[in-house]
Amino acid sequence: MPGTGQKVIVSDFIKGGELGGALAFRKDQLGRAEDELGLSITGMNIAMNAQHRQGFDKVGIRGDNLYSLNGQSAALMPSATSYDSIDNTGSGAISTLGAPASAFAYKIVYNGTSYDITDAYTNTAVVTGVAMPQTLNGVTLNMTGTPAKGDVFMAYSTTDFYSQIEQASYADNRNTGTLNNTDVTVNLDKTGLSNNASGSKFVQNDLSNPADYDQVMKQMALLQPRSYKLVFDGTNYNVTDSRTGEIIPVKQSVDDPVGHPNVSTLRFEGLQVDIDQTTRKIGTGDTFELRFLNDGVLKMDQAITDPNKVAYRGGDLSTTPVAGSRPLSVANNVNAANLASMQDKKILLNRTANIQTTYSNMAGNVGSYHLANKTSQTTTDALYSQLNQVRDSISGVNLDEEAADMMRFQQAYQAAAQIMQASQKMFDTILGATR
């Protein structure tokens with residue numbers, strides 16, 4: 001605004017005309033349809049990824065994400081996973097220590113005197129005839145107990161489930177603070193995970209514990225089909241529905257006052273928003289938009305292309321200390337069946353709707369939008385036509401009436417001319433008589 005230096009969103013004041021119609025369509029129809037579509041697709045992908053991680057693939061490696069929702073590469077977990085084959089006859093047990101430098105999957109076979117380690121997917125040798133412990137790819141493999149000849153052990157890296165669904169925010173360009181989009185992130189609520197009592201953004205989880213899978217499904221059921229506006233008023237963070245303005249109840253906390261005292265966490269409707277002010281600060285009135293569902297759809301991609309890495313096998317639920325940490329037989333297809341049945345499970349909208357129902361709701365609402373707009377257009381066209389008729393009746397020109405009037409006036413003029421001629425003759429006659 002000239003003279004004030006203030007910026008105003010003019011779209012809030014445009015109500016009529018073609019531009020007003022386009023803005024109303026974006027706010028009331030397009031935005032809602034995008035959020036509803038985002039809920040069905042993002043919900044399906046999160047559920048499928050979580051279920052896929054409960055199984056094991058052809059070579060016995062736990063499943064990774066089937067889909068990527070943020071377009072970024074998966075982040076490795078800070079530790080590796082290992083187990084001994086259920087068919088082993090010895091008492092040997094494999095363990096791992098250290099953070100993987102890159103992704104790996106090792107098959108370890110005891111040949112009677114030493115160990116042969118191969119890539120589990122390609123069967124190519126990594127090292128042969130070595131003793132334990134052995135450090136590979138940043139991870140130290142160690143053996144306890146006494147293995148028997150031919151015993152098989154597996155060691156592999158896993159990725160963080162939550163890193164592949166985290167989304168950045170959108171900062172308003174009028175903000176006075178220095179926080180950027182990546183300083184405010186949105187993810188599923190991590191509260192209640194087996195290795196994370198508080199749910200901090202800095203804790204990773206690969207869903208190897210079935211209880212964590214249940215937690216993911218619990219939080220996902222709370223998701224609502226909408227985007228959010230986050231505003232800092234100088235003291236508190238206020239969250240509203242960016243389309244309707246509805247106020248959203250928020251639980252605010254600081255997850256780790258000792259290690260990360262400058263990270264505030266907001267939790268609402270199954271989501272967790274982390275505001276990191278470690279290096280940059282937020283200003284009073286600063287606004288951010290959160291489009292978790294929308295961005296999940298826009299950046300969705302296929303994460304697994306190798307069919308050998310599809311985790312169709314179930315996990316051995318009798319295994320201790322963590323149930324499901326070892327695969328069932330190669331012929332088992334428990335996890336494949338669980339993945340297929342996901343389409344019929346009521347996992348969305350507080351467990352009242354399945355994926356297909358949620359998508360159908362979106363399609364039905366779009367149809368209602370179209371019908372309402374068509375009816376509105378018909379009514380408006382009729383009103384426009386009626387107003388035109390009223391206007392024309394007052395100030396318009398009817399060519400037929402004007403032609404008739406012209407002929408009438410022409411005849412009247414001709415008649416008047418005849419009267420003038422007769423009068424002239426009479427006047428001449430009178431003048432002649434008086435001479």
# chains A, B, ... in the order shown; residues from 1 in each chain; ligands from 1
call {"tool": "residues_around", "arguments": {"residues": "Gly38 of chain A", "least_positions_apart": "6", "cutoff": "7 Å", "atoms": "only C-alpha atoms", "output": "number ranges by chain"}}
result
A: 293-294, 296-297
call {"tool": "residues_around", "arguments": {"residues": "Asn373 of chain A", "least_positions_apart": "3", "cutoff": "12 Å", "atoms": "only C-alpha atoms", "output": "number ranges by chain"}}
result
A: 21, 24-25, 28-29, 366-370, 376-380
call {"tool": "residues_around", "arguments": {"residues": "Asn180 of chain A", "least_positions_apart": "2", "cutoff": "12 Å", "atoms": "only C-alpha atoms", "output": "ChimeraX atom specification"}}
result
/A:168-173,175-178,182-185,275-277,279-283,286-289
call {"tool": "write_last_selection", "arguments": {"atoms": "C-alpha atoms", "output": "PDB file, in the first residue's frame"}}
result
ATOM      1  CA  ALA A 168       8.762 -28.735   4.716  1.00  0.00           C
ATOM      2  CA  SER A 169       6.502 -25.714   5.278  1.00  0.00           C
ATOM      3  CA  TYR A 170       5.801 -22.620   3.170  1.00  0.00           C
ATOM      4  CA  ALA A 171       6.918 -19.309   4.685  1.00  0.00           C
ATOM      5  CA  ASP A 172       4.873 -16.165   4.010  1.00  0.00           C
ATOM      6  CA  ASN A 173       7.054 -13.650   2.151  1.00  0.00           C
ATOM      7  CA  ASN A 175       7.512 -12.662   7.557  1.00  0.00           C
ATOM      8  CA  THR A 176       9.875 -10.493   9.586  1.00  0.00           C
ATOM      9  CA  GLY A 177      11.754 -13.410  11.188  1.00  0.00           C
ATOM     10  CA  THR A 178      14.593 -15.417   9.651  1.00  0.00           C
ATOM     11  CA  THR A 182      13.026 -26.236   6.247  1.00  0.00           C
ATOM     12  CA  ASP A 183      13.116 -24.852   9.810  1.00  0.00           C
ATOM     13  CA  VAL A 184       9.416 -25.670  10.188  1.00  0.00           C
ATOM     14  CA  THR A 185       8.709 -29.302   9.303  1.00  0.00           C
ATOM     15  CA  ILE A 275       9.869 -25.396  14.817  1.00  0.00           C
ATOM     16  CA  ASP A 276      13.671 -25.281  14.997  1.00  0.00           C
ATOM     17  CA  GLN A 277      15.102 -21.939  16.145  1.00  0.00           C
ATOM     18  CA  THR A 279      20.208 -21.011  14.148  1.00  0.00           C
ATOM     19  CA  ARG A 280      17.345 -18.734  13.007  1.00  0.00           C
ATOM     20  CA  LYS A 281      14.472 -17.030  14.821  1.00  0.00           C
ATOM     21  CA  ILE A 282      10.755 -16.574  14.254  1.00  0.00           C
ATOM     22  CA  GLY A 283       9.140 -13.143  14.356  1.00  0.00           C
ATOM     23  CA  ASP A 286       5.209 -14.800  11.077  1.00  0.00           C
ATOM     24  CA  THR A 287       3.023 -17.182   9.090  1.00  0.00           C
ATOM     25  CA  PHE A 288       3.703 -20.615   7.586  1.00  0.00           C
ATOM     26  CA  GLU A 289       1.447 -22.865   5.527  1.00  0.00           C
TER      27      GLU A 289
END
call {"tool": "closest_atom_pairs", "arguments": {"of": "segment 118-166 of chain A", "to": "segment 304-317 of chain A", "cutoff": "12 Å", "atoms": "only C-alpha atoms", "output": "Markdown table"}}
result
| residue | atom | partner | partner_atom | distance |
| --- | --- | --- | --- | --- |
| A:Ala120 | CA | A:Asn308 | CA | 10.9 |
| A:Tyr121 | CA | A:Asn308 | CA | 8.1 |
| A:Thr122 | CA | A:Asn308 | CA | 10.6 |
call {"tool": "write_last_selection", "arguments": {"atoms": "C-alpha atoms", "output": "PDB file, in the first residue's frame"}}
result
ATOM      1  CA  ALA A 120      22.653 -61.110  -0.080  1.00  0.00           C
ATOM      2  CA  TYR A 121      21.074 -59.926  -3.345  1.00  0.00           C
ATOM      3  CA  THR A 122      23.814 -60.693  -5.871  1.00  0.00           C
TER       4      THR A 122
END
call {"tool": "atom_distance", "arguments": {"atom1": "atom CA of Ser194 of chain A", "atom2": "atom CA of Ser227 of chain A"}}
result
29.1 Å
call {"tool": "select_by_dssp", "arguments": {"residues": "segment 119-264 of chain A", "states": "alpha helix (DSSP H)", "output": "ChimeraX atom specification"}}
result
/A:210-220
call {"tool": "atom_distance", "arguments": {"atom1": "atom CA of Asn332 of chain A", "atom2": "atom CA of Gln51 of chain A"}}
result
15.6 Å
call {"tool": "atom_distance", "arguments": {"atom1": "atom CA of Asp344 of chain A", "atom2": "atom CA of Met362 of chain A"}}
result
17.2 Å
call {"tool": "closest_residue", "arguments": {"among": "A:Asn236, A:Gln302, A:Asn361, A:Gln272", "to": "Leu188 of chain A", "atoms": "only C-alpha atoms"}}
result
A:Gln272
